[in-house]
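Chemist: What follows is a single structure, and I will ask about it in a moment.
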Amino acid sequence: MKLVKAWEEEGVTIQEPFKRTIKTLFSPDEDKGGIKELLFTHAIIYPHSQTDYHAHDRPELIYIVYGRGVCLCEGEEVSIETDVALWVSGGEKHQIKNTGDESMKLATVFVPGFSWRDNIKRCENAAKMNK
C-alpha cells in the first residue's frame with residue numbers, strides 16, 4: 001500500500017491567467033509514488049480563475065471536491081458543483097472555470113499515467129503563452 005497525505009504535499013502554483021495550485025499525489029515517476037497505471041492530482045482553482053481550454057491524449061476523470069463553476073467541453077458549457085464527476089475522453093477540449101468567490105478543489109485521474117512533470121510543464125506553458 002502507498003499512502004500520501006495531501007495536506008503535506010507542497011504543490012506547484014500555476015500563474016495567471018490560469019492561477020491554480022496543483023498537487024501530484026501519485027504518478028508513474030518514482031518521486032511521486034511510482035504508480036505506472038495512473039496520474040492522480042488535485043488542484044485548487046482560485047476564485048474567478050480557470051484552467052486553459054485544452055485536450056489530453058488520454059481520458060481524464062475530474063471530481064469536484066468542493067466549489068462551483070462551469071465546465072466548457074467541446075463548446076458545451078455545463079454547471080458544476082461539489083460532488084459532480086466528469087469523464088473527459090482523450091482528445092476532447094475542456095476547461096474548468098471557478099465562477100465563485102471561494103476556491104474550487106478538483107481531484108483528477110489520468111489513465112494511463114504519465115509524468116507529473118509533463119503535466120505541470122503543459123500548464124505552465126499555457127499560462128505563459130496567454131499572459
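Chains: A, B, ... in order of the C-alpha cells. Residues: from 1 per chain. Ligands: from 1, in order shown.
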Leaving out region 64-81 of chain A and any residue of its chain fewer than 6 positions from it, which residues lie within 8 Å of it when counting only C-alpha atoms, given as number ranges by chain?
Modeler: A: 53, 92-100, 102-107
Chemist: I'd like the neighbourhood of region 25-29 of chain A as a list in words, where a residue qualifies if any of its atoms comes within 10 Å (using only C-alpha atoms), though same-chain residues fewer than 3 positions away should be ignored.
Modeler: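 My reading of the contact set: Lys2, Leu3, Val4, Lys5, Ala6, Glu9, Gly11, Ile22, Lys32, Gly33, Gly34, Ile35, Lys36, Glu37, Leu38, Leu39, Phe40, Thr41, His42, Ala107, Val109, Phe110, Pro112, Gly113, Phe114, Ser115, Trp116 and Arg117 of chain A.
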Chemist: Quick one: residues within 12 Å of Arg122 (chain A), only C-alpha atoms counted, chain neighbours fewer than 3 positions away excluded, as a VMD selection string?
Modeler: chain A and resid 14 18 51 to 56 115 to 119 125 to 129
Chemist: Quick one: write out the picked residues with N, CA and C atoms as a tab-separated table (two decimals), in the first residue's frame?
Modeler:
chain	number	residue	atom	x	y	z
A	14	ILE	N	0.43	27.51	-10.62
A	14	ILE	CA	0.43	27.99	-12.00
A	14	ILE	C	0.00	29.46	-11.95
A	18	PHE	N	-4.30	31.49	-15.50
A	18	PHE	CA	-4.88	30.19	-15.14
A	18	PHE	C	-4.44	29.79	-13.74
A	51	THR	N	-8.85	26.96	-15.71
A	51	THR	CA	-7.81	26.26	-16.45
A	51	THR	C	-7.81	26.81	-17.88
A	52	ASP	N	-6.81	26.47	-18.64
A	52	ASP	CA	-6.83	26.81	-20.06
A	52	ASP	C	-7.75	25.83	-20.79
A	53	TYR	N	-8.18	26.21	-21.99
A	53	TYR	CA	-9.02	25.33	-22.82
A	53	TYR	C	-8.05	24.40	-23.54
A	54	HIS	N	-8.08	23.12	-23.20
A	54	HIS	CA	-7.05	22.19	-23.65
A	54	HIS	C	-7.61	20.78	-23.82
A	55	ALA	N	-6.78	19.91	-24.36
A	55	ALA	CA	-7.13	18.49	-24.51
A	55	ALA	C	-5.92	17.66	-24.11
A	56	HIS	N	-6.17	16.42	-23.77
A	56	HIS	CA	-5.12	15.45	-23.46
A	56	HIS	C	-5.21	14.30	-24.45
A	115	SER	N	4.03	11.34	-16.73
A	115	SER	CA	4.88	12.08	-15.81
A	115	SER	C	4.19	13.32	-15.26
A	116	TRP	N	4.25	13.50	-13.95
A	116	TRP	CA	3.67	14.68	-13.33
A	116	TRP	C	4.40	15.93	-13.81
A	117	ARG	N	5.68	15.82	-14.12
A	117	ARG	CA	6.43	16.98	-14.60
A	117	ARG	C	5.91	17.45	-15.96
A	118	ASP	N	5.55	16.50	-16.82
A	118	ASP	CA	4.99	16.86	-18.13
A	118	ASP	C	3.64	17.57	-17.96
A	119	ASN	N	2.86	17.12	-17.01
A	119	ASN	CA	1.57	17.74	-16.73
A	119	ASN	C	1.76	19.19	-16.27
A	125	ASN	N	3.26	26.33	-19.41
A	125	ASN	CA	3.43	26.86	-20.77
A	125	ASN	C	2.15	27.55	-21.24
A	126	ALA	N	1.00	26.99	-20.93
A	126	ALA	CA	-0.28	27.61	-21.32
A	126	ALA	C	-0.43	28.97	-20.66
A	127	ALA	N	-0.06	29.07	-19.39
A	127	ALA	CA	-0.15	30.35	-18.68
A	127	ALA	C	0.79	31.38	-19.29
A	128	LYS	N	2.02	30.98	-19.60
A	128	LYS	CA	2.99	31.90	-20.20
A	128	LYS	C	2.52	32.41	-21.56
A	129	MET	N	1.93	31.52	-22.35
A	129	MET	CA	1.50	31.90	-23.70
A	129	MET	C	0.25	32.77	-23.70
Chemist: Write out as number ranges by chain all residues of chain A that backbone DSSP assigns to alpha helix (DSSP H).
Modeler: A: 116-129
Chemist: Now that the selection is made, can you save its residues with N, CA, C and O atoms as an mmCIF file, in the first residue's frame?
Modeler:
data_model
loop_
_atom_site.group_PDB
_atom_site.id
_atom_site.type_symbol
_atom_site.label_atom_id
_atom_site.label_comp_id
_atom_site.auth_asym_id
_atom_site.auth_seq_id
_atom_site.Cartn_x
_atom_site.Cartn_y
_atom_site.Cartn_z
ATOM 1 N N TRP A 116 4.251 13.496 -13.950
ATOM 2 C CA TRP A 116 3.674 14.683 -13.331
ATOM 3 C C TRP A 116 4.402 15.934 -13.813
ATOM 4 O O TRP A 116 3.802 16.991 -13.943
ATOM 5 N N ARG A 117 5.680 15.819 -14.117
ATOM 6 C CA ARG A 117 6.435 16.978 -14.602
ATOM 7 C C ARG A 117 5.907 17.446 -15.961
ATOM 8 O O ARG A 117 5.820 18.644 -16.222
ATOM 9 N N ASP A 118 5.553 16.505 -16.824
ATOM 10 C CA ASP A 118 4.988 16.861 -18.127
ATOM 11 C C ASP A 118 3.643 17.570 -17.963
ATOM 12 O O ASP A 118 3.330 18.511 -18.687
ATOM 13 N N ASN A 119 2.858 17.120 -17.006
ATOM 14 C CA ASN A 119 1.567 17.742 -16.732
ATOM 15 C C ASN A 119 1.756 19.192 -16.274
ATOM 16 O O ASN A 119 1.105 20.107 -16.786
ATOM 17 N N ILE A 120 2.658 19.405 -15.332
ATOM 18 C CA ILE A 120 2.918 20.755 -14.818
ATOM 19 C C ILE A 120 3.488 21.649 -15.916
ATOM 20 O O ILE A 120 3.083 22.807 -16.072
ATOM 21 N N LYS A 121 4.409 21.117 -16.707
ATOM 22 C CA LYS A 121 5.028 21.903 -17.782
ATOM 23 C C LYS A 121 3.973 22.379 -18.775
ATOM 24 O O LYS A 121 3.994 23.525 -19.221
ATOM 25 N N ARG A 122 3.013 21.515 -19.136
ATOM 26 C CA ARG A 122 1.959 21.905 -20.062
ATOM 27 C C ARG A 122 1.142 23.056 -19.478
ATOM 28 O O ARG A 122 0.842 24.039 -20.160
ATOM 29 N N CYS A 123 0.809 22.969 -18.200
ATOM 30 C CA CYS A 123 0.016 24.016 -17.547
ATOM 31 C C CYS A 123 0.793 25.328 -17.466
ATOM 32 O O CYS A 123 0.227 26.405 -17.726
ATOM 33 N N GLU A 124 2.056 25.257 -17.103
ATOM 34 C CA GLU A 124 2.881 26.468 -17.015
ATOM 35 C C GLU A 124 3.041 27.123 -18.385
ATOM 36 O O GLU A 124 2.960 28.355 -18.503
ATOM 37 N N ASN A 125 3.265 26.326 -19.413
ATOM 38 C CA ASN A 125 3.426 26.863 -20.769
ATOM 39 C C ASN A 125 2.149 27.553 -21.240
ATOM 40 O O ASN A 125 2.206 28.607 -21.885
ATOM 41 N N ALA A 126 1.002 26.985 -20.934
ATOM 42 C CA ALA A 126 -0.278 27.605 -21.321
ATOM 43 C C ALA A 126 -0.429 28.966 -20.661
ATOM 44 O O ALA A 126 -0.865 29.929 -21.303
ATOM 45 N N ALA A 127 -0.057 29.068 -19.388
ATOM 46 C CA ALA A 127 -0.153 30.352 -18.678
ATOM 47 C C ALA A 127 0.793 31.378 -19.288
ATOM 48 O O ALA A 127 0.403 32.538 -19.495
ATOM 49 N N LYS A 128 2.018 30.984 -19.598
ATOM 50 C CA LYS A 128 2.990 31.902 -20.201
ATOM 51 C C LYS A 128 2.516 32.410 -21.557
ATOM 52 O O LYS A 128 2.680 33.582 -21.880
ATOM 53 N N MET A 129 1.928 31.525 -22.352
ATOM 54 C CA MET A 129 1.505 31.898 -23.703
ATOM 55 C C MET A 129 0.250 32.772 -23.700
ATOM 56 O O MET A 129 -0.068 33.396 -24.703
#
Chemist: Which residue, A:Lys131, A:Thr21, A:Trp87, A:Thr13, has the smallest gap to Arg58 (chain A) when you use only C-alpha atoms?
Modeler: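 Result for the nearest residue to Arg58 (chain A): A:Trp87.
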Chemist: Quick one, how far is CA of Pro59 (chain A) from CA of Val111 (chain A)?
Modeler: 6.1 Å
Chemist: Report the residues of chain A whose backbone DSSP state falls under strand (DSSP E or B), written as a PyMOL selection string.
Modeler: chain A and resi 12-14+20-27+33+39-45+50+54+60-66+68-73+76-81+85-88+94-98+104-110
Chemist: Which residue is closest to Thr108 (chain A)? Choose from A:Thr82, A:Gly91, A:Thr24, A:His48 and count only C-alpha atoms.
Modeler: A:Thr24
Chemist: Quick one: distance from CA of Val84 (chain A) to CA of Glu60 (chain A) in Å, one decimal?
Modeler: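 Here the two named atoms are 13.9 Å from each other.
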Chemist: Rounded to one decimal in Å, what is the spacing between CA of Ser89 (chain A) and CA of Glu16 (chain A)?
Modeler: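 Calculated distance between CA of Ser89 (chain A) and CA of Glu16 (chain A) is 26.3 Å.
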